[in-house]
Amino acid sequence: MHYKTLGRTGLSVSVAGLGCGGHSRLGQAYGNTVEQSIAVVHAALDLGINWIDTAAAYGTEKIVGEAVKDRRDRIMISTKTAILPWGQPSAKPYSGVEILEQLEKNLGRLGTDYIDLYNVHGLVHEQLPYVNAEIVPALIKAREQGKIRFLGVTEHFGSDTNHKMLSAAVPTNAWDVVMVGFNLLNPSARRNVLRLTQAHNVGVQDMFAVRRALSNADGLKEALDQIEKAGQLDRSKLDTADPLGFLNEGTDGIVDAAYRFCRHEPGIDIVLTGTGNIDHLKENVNSINRGPLPSKSLARLEELFGQVDSVSGN
């Protein structure tokens, strides 16, 4: 396993992080038992992963807490809470006091007395002023009490594919780490976010490295259709039968290429991978630890998708 320093936190983190959300949620989304999901976490730790990302909304905090209870001092936990009750977009946002109440629930489910990175989850640009005024001071108080070590924020990539929120959030210096959507179909974070995080020494977790568009033929077609509709893709430059076939050169296929593309992007510290299958986890971790893509492939990706900011790939 390779390791990097996570921005100004100074933490030495595995370049592969175990994501406990996404379409899998440690396999809970498709029928894994709790014991099977715990086994996935144990396998990740045995592979050298020391960074686990979960959230209240994922329903996997208790599983993570159970899985790491005997190894808590060897791993780092990132978890999250939204400023609105999950699934209730018209609700009144939590106050600072209520966010601290949510934090206590996170701690209880995880079975720990501190969280390494506590993230405001799925923030959009319009919510940023309120969060800066009301939520950040509450989280600073929790940090002073030793309940959290560092502050983070995650974007709502599905509705903010050009990173409007993070572009405004990073320069405030309120956040030690951000979670950004970045993949080979939409590398816009390179110019909109990563140049800022590097300038401010902010750590970066990468989500959406693969997701549906890069692991499913129908998902890829839908994403390419969407990019073309946005006027950001000349479809004539792609092989109709195998649009990303050029990535097979020097790789083990599209998924391998997708993880390596993200892993070696300057400014990205942790590439999250989520699964409920141990063999799948091993394959993904192996890809994340491999070298960069051939320069020819990188040039082709830049030609095709370098200006895309219209899809998430989910």
# chains A, B, ... in the order shown; residues from 1 in each chain; ligands from 1
>>> residues_around(residues="Glu66 in chain A", least_positions_apart="5", cutoff="10 Å", atoms="only C-alpha atoms", output="PyMOL selection string")
chain A and resi 34-35+38+41+61+109-111
>>> residues_around(residues="range 127-140 of chain A", least_positions_apart="6", cutoff="12 Å", atoms="only C-alpha atoms", output="ChimeraX atom specification")
/A:80-84,89,92-104,115,117-121,146-156,164-170,172-176
>>> select_by_dssp(residues="range 22-199 of chain A", states="helix (DSSP H, G or I)", output="MDAnalysis selection string")
chainID A and resid 28:30 34:46 56:58 61:68 72:74 96:110 125:144 164:172 189:199
>>> residues_around(residues="range 220-225 of chain A", least_positions_apart="5", cutoff="9 Å", atoms="only C-alpha atoms", output="short mmCIF file (atom, residue, chain, number, x, y, z; two decimals) with N, CA and C atoms, in the first residue's frame")
data_model
loop_
_atom_site.label_atom_id
_atom_site.label_comp_id
_atom_site.auth_asym_id
_atom_site.auth_seq_id
_atom_site.Cartn_x
_atom_site.Cartn_y
_atom_site.Cartn_z
N LEU A 185 -14.14 11.02 -17.03
CA LEU A 185 -15.17 11.62 -17.87
C LEU A 185 -15.43 13.08 -17.50
N ARG A 212 -21.14 4.11 -12.00
CA ARG A 212 -21.85 3.33 -13.01
C ARG A 212 -21.31 3.56 -14.42
N ALA A 213 -20.97 4.79 -14.75
CA ALA A 213 -20.58 5.09 -16.13
C ALA A 213 -19.32 4.38 -16.57
N LEU A 214 -18.46 4.04 -15.63
CA LEU A 214 -17.19 3.42 -16.00
C LEU A 214 -17.12 1.94 -15.59
N SER A 215 -18.26 1.40 -15.21
CA SER A 215 -18.30 -0.03 -14.89
C SER A 215 -19.46 -0.73 -15.57
N ALA A 230 -24.63 18.30 -23.95
CA ALA A 230 -24.14 19.55 -23.37
C ALA A 230 -23.17 20.28 -24.29
N LEU A 233 -18.66 17.17 -26.29
CA LEU A 233 -18.04 15.96 -26.84
C LEU A 233 -18.32 15.88 -28.32
N ARG A 235 -18.61 13.26 -30.77
CA ARG A 235 -18.80 11.80 -30.77
C ARG A 235 -18.05 11.13 -31.92
N PRO A 243 -16.12 2.84 -27.15
CA PRO A 243 -15.71 4.24 -27.03
C PRO A 243 -14.44 4.48 -26.23
N VAL A 311 -21.29 15.99 -16.24
CA VAL A 311 -21.76 14.69 -15.75
C VAL A 311 -21.02 14.33 -14.48
N SER A 312 -21.65 13.47 -13.70
CA SER A 312 -20.97 12.90 -12.52
C SER A 312 -20.47 11.49 -12.79
N GLY A 313 -21.13 10.78 -13.69
CA GLY A 313 -20.79 9.38 -13.95
C GLY A 313 -21.50 8.41 -13.04
N ASN A 314 -22.43 8.89 -12.25
CA ASN A 314 -23.12 8.01 -11.29
C ASN A 314 -24.12 7.09 -12.00
#
>>> residues_around(residues="range 45-56 of chain A", least_positions_apart="5", cutoff="7 Å", atoms="only C-alpha atoms", output="short mmCIF file (atom, residue, chain, number, x, y, z; two decimals) with N, CA and C atoms, in the first residue's frame")
data_model
loop_
_atom_site.label_atom_id
_atom_site.label_comp_id
_atom_site.auth_asym_id
_atom_site.auth_seq_id
_atom_site.Cartn_x
_atom_site.Cartn_y
_atom_site.Cartn_z
N MET A 1 0.84 -1.19 0.00
CA MET A 1 0.00 0.00 0.00
C MET A 1 0.87 1.25 0.00
N VAL A 13 -1.97 8.80 5.17
CA VAL A 13 -3.16 8.03 4.80
C VAL A 13 -2.88 7.14 3.60
N SER A 14 -3.56 6.01 3.56
CA SER A 14 -3.45 5.11 2.41
C SER A 14 -4.08 5.78 1.20
N ALA A 16 -5.56 4.39 -1.12
CA ALA A 16 -6.87 3.77 -1.30
C ALA A 16 -7.63 3.90 0.01
N GLY A 17 -8.83 4.46 -0.06
CA GLY A 17 -9.68 4.54 1.11
C GLY A 17 -10.91 3.67 0.91
N LEU A 18 -11.39 3.07 1.98
CA LEU A 18 -12.58 2.24 1.87
C LEU A 18 -13.82 3.12 1.99
N GLY A 19 -14.58 3.21 0.91
CA GLY A 19 -15.82 3.95 0.91
C GLY A 19 -16.98 3.05 1.31
N CYS A 20 -17.75 3.49 2.27
CA CYS A 20 -18.83 2.66 2.81
C CYS A 20 -20.21 3.12 2.37
N GLY A 21 -20.25 3.94 1.32
CA GLY A 21 -21.52 4.38 0.76
C GLY A 21 -21.64 3.93 -0.67
N GLU A 61 -22.33 2.99 9.68
CA GLU A 61 -21.46 3.40 10.79
C GLU A 61 -21.33 2.31 11.85
N ARG A 74 -5.20 2.24 14.95
CA ARG A 74 -4.41 2.02 13.73
C ARG A 74 -5.09 2.58 12.48
N ILE A 75 -6.32 3.05 12.62
CA ILE A 75 -7.05 3.51 11.44
C ILE A 75 -7.65 4.88 11.70
N MET A 76 -8.08 5.51 10.61
CA MET A 76 -8.71 6.82 10.68
C MET A 76 -10.10 6.73 10.08
N ILE A 77 -11.05 7.35 10.77
CA ILE A 77 -12.44 7.31 10.36
C ILE A 77 -12.89 8.69 9.89
N SER A 78 -13.48 8.73 8.73
CA SER A 78 -14.14 9.92 8.20
C SER A 78 -15.62 9.62 8.15
N THR A 79 -16.43 10.46 8.78
CA THR A 79 -17.87 10.31 8.67
C THR A 79 -18.52 11.66 8.45
N LYS A 80 -19.83 11.66 8.28
CA LYS A 80 -20.50 12.87 7.79
C LYS A 80 -21.88 13.01 8.39
N THR A 81 -22.34 14.26 8.37
CA THR A 81 -23.75 14.55 8.61
C THR A 81 -24.16 15.69 7.70
N ASN A 106 -23.37 10.07 15.73
CA ASN A 106 -22.29 9.45 14.94
C ASN A 106 -21.33 8.70 15.85
#
>>> closest_residue(among="A:Asp252, A:Asp269, A:Glu302, A:Asp309", to="Gly10 in chain A", atoms="only C-alpha atoms")
A:Asp269
>>> closest_residue(among="A:Gly65, A:Gly122, A:Gly276, A:Gly291", to="Leu26 in chain A", atoms="only C-alpha atoms")
A:Gly276
>>> closest_residue(among="A:Leu281, A:Val124, A:Val68, A:Ala57", to="Thr112 in chain A", atoms="only C-alpha atoms")
A:Val68
>>> residues_around(residues="Gln205 in chain A", least_positions_apart="6", cutoff="8 Å", atoms="only C-alpha atoms", output="mmCIF file with N, CA and C atoms, in the first residue's frame")
data_model
loop_
_atom_site.group_PDB
_atom_site.id
_atom_site.type_symbol
_atom_site.label_atom_id
_atom_site.label_comp_id
_atom_site.auth_asym_id
_atom_site.auth_seq_id
_atom_site.Cartn_x
_atom_site.Cartn_y
_atom_site.Cartn_z
ATOM 1 N N VAL A 177 -10.059 19.214 4.938
ATOM 2 C CA VAL A 177 -10.145 18.194 3.892
ATOM 3 C C VAL A 177 -11.454 18.404 3.138
ATOM 4 N N VAL A 178 -11.449 18.174 1.828
ATOM 5 C CA VAL A 178 -12.678 18.201 1.045
ATOM 6 C C VAL A 178 -12.838 16.873 0.323
ATOM 7 N N MET A 179 -14.091 16.553 0.008
ATOM 8 C CA MET A 179 -14.377 15.401 -0.841
ATOM 9 C C MET A 179 -14.943 15.907 -2.148
ATOM 10 N N VAL A 180 -14.294 15.518 -3.245
ATOM 11 C CA VAL A 180 -14.626 16.042 -4.555
ATOM 12 C C VAL A 180 -14.931 14.901 -5.508
ATOM 13 N N ILE A 268 -4.841 14.977 -5.500
ATOM 14 C CA ILE A 268 -5.714 13.964 -4.913
ATOM 15 C C ILE A 268 -4.900 13.096 -3.967
ATOM 16 N N ASP A 269 -5.390 12.955 -2.742
ATOM 17 C CA ASP A 269 -4.675 12.179 -1.728
ATOM 18 C C ASP A 269 -5.242 10.777 -1.545
ATOM 19 N N ILE A 270 -6.561 10.670 -1.483
ATOM 20 C CA ILE A 270 -7.228 9.396 -1.227
ATOM 21 C C ILE A 270 -8.234 9.141 -2.336
ATOM 22 N N VAL A 271 -8.168 7.962 -2.942
ATOM 23 C CA VAL A 271 -9.173 7.533 -3.901
ATOM 24 C C VAL A 271 -10.065 6.517 -3.205
ATOM 25 N N LEU A 272 -11.333 6.835 -3.091
ATOM 26 C CA LEU A 272 -12.265 5.949 -2.396
ATOM 27 C C LEU A 272 -12.743 4.843 -3.317
#
>>> select_by_dssp(residues="range 85-308 of chain A", states="strand (DSSP E)", output="PDB file with C-alpha atoms, in the first residue's frame")
ATOM      1  CA  ILE A 115     -13.760  11.038  14.818  1.00  0.00           C
ATOM      2  CA  ASP A 116     -10.689  11.827  12.747  1.00  0.00           C
ATOM      3  CA  LEU A 117     -12.528  13.777  10.031  1.00  0.00           C
ATOM      4  CA  TYR A 118     -16.059  15.076  10.470  1.00  0.00           C
ATOM      5  CA  ASN A 119     -17.658  16.231   7.238  1.00  0.00           C
ATOM      6  CA  VAL A 120     -20.628  18.412   6.429  1.00  0.00           C
ATOM      7  CA  HIS A 121     -22.293  16.124   3.901  1.00  0.00           C
ATOM      8  CA  GLY A 122     -23.470  16.989   0.389  1.00  0.00           C
ATOM      9  CA  LEU A 123     -23.292  20.755   0.739  1.00  0.00           C
ATOM     10  CA  ILE A 148     -13.283  15.517  16.189  1.00  0.00           C
ATOM     11  CA  ARG A 149      -9.758  16.064  14.923  1.00  0.00           C
ATOM     12  CA  PHE A 150     -10.345  17.797  11.594  1.00  0.00           C
ATOM     13  CA  LEU A 151     -13.167  19.466   9.662  1.00  0.00           C
ATOM     14  CA  GLY A 152     -14.263  18.399   6.201  1.00  0.00           C
ATOM     15  CA  VAL A 153     -16.908  19.172   3.605  1.00  0.00           C
ATOM     16  CA  THR A 154     -18.289  17.077   0.755  1.00  0.00           C
ATOM     17  CA  GLU A 155     -19.974  18.334  -2.384  1.00  0.00           C
ATOM     18  CA  VAL A 177     -10.145  18.194   3.892  1.00  0.00           C
ATOM     19  CA  VAL A 178     -12.678  18.201   1.045  1.00  0.00           C
ATOM     20  CA  MET A 179     -14.377  15.401  -0.841  1.00  0.00           C
ATOM     21  CA  VAL A 180     -14.626  16.042  -4.555  1.00  0.00           C
ATOM     22  CA  GLY A 181     -16.074  14.213  -7.530  1.00  0.00           C
ATOM     23  CA  GLY A 203      -6.427  17.390   1.819  1.00  0.00           C
ATOM     24  CA  VAL A 204      -8.595  15.732  -0.834  1.00  0.00           C
ATOM     25  CA  GLN A 205     -10.735  12.608  -0.902  1.00  0.00           C
ATOM     26  CA  ASP A 206     -11.834  11.585  -4.404  1.00  0.00           C
ATOM     27  CA  MET A 207     -15.269  10.047  -4.947  1.00  0.00           C
ATOM     28  CA  ILE A 270      -7.228   9.396  -1.227  1.00  0.00           C
ATOM     29  CA  VAL A 271      -9.173   7.533  -3.901  1.00  0.00           C
ATOM     30  CA  LEU A 272     -12.265   5.949  -2.396  1.00  0.00           C
ATOM     31  CA  THR A 273     -13.373   2.512  -3.487  1.00  0.00           C
TER      32      THR A 273
END
>>> residues_around(residues="Ser310 in chain A", least_positions_apart="3", cutoff="9 Å", atoms="only C-alpha atoms", output="number ranges by chain")
A: 160-162, 186, 226-227, 230, 232
>>> write_last_selection(atoms="C-alpha atoms", output="mmCIF file, in the first residue's frame")
data_model
loop_
_atom_site.group_PDB
_atom_site.id
_atom_site.type_symbol
_atom_site.label_atom_id
_atom_site.label_comp_id
_atom_site.auth_asym_id
_atom_site.auth_seq_id
_atom_site.Cartn_x
_atom_site.Cartn_y
_atom_site.Cartn_z
ATOM 1 C CA ASP A 160 -22.883 20.417 -8.839
ATOM 2 C CA THR A 161 -20.778 18.836 -11.552
ATOM 3 C CA ASN A 162 -18.659 21.964 -12.006
ATOM 4 C CA ASN A 186 -15.343 14.817 -15.784
ATOM 5 C CA GLN A 226 -25.329 13.600 -21.748
ATOM 6 C CA ILE A 227 -21.883 15.041 -22.474
ATOM 7 C CA ALA A 230 -24.138 19.546 -23.368
ATOM 8 C CA GLN A 232 -18.820 19.036 -24.713
#
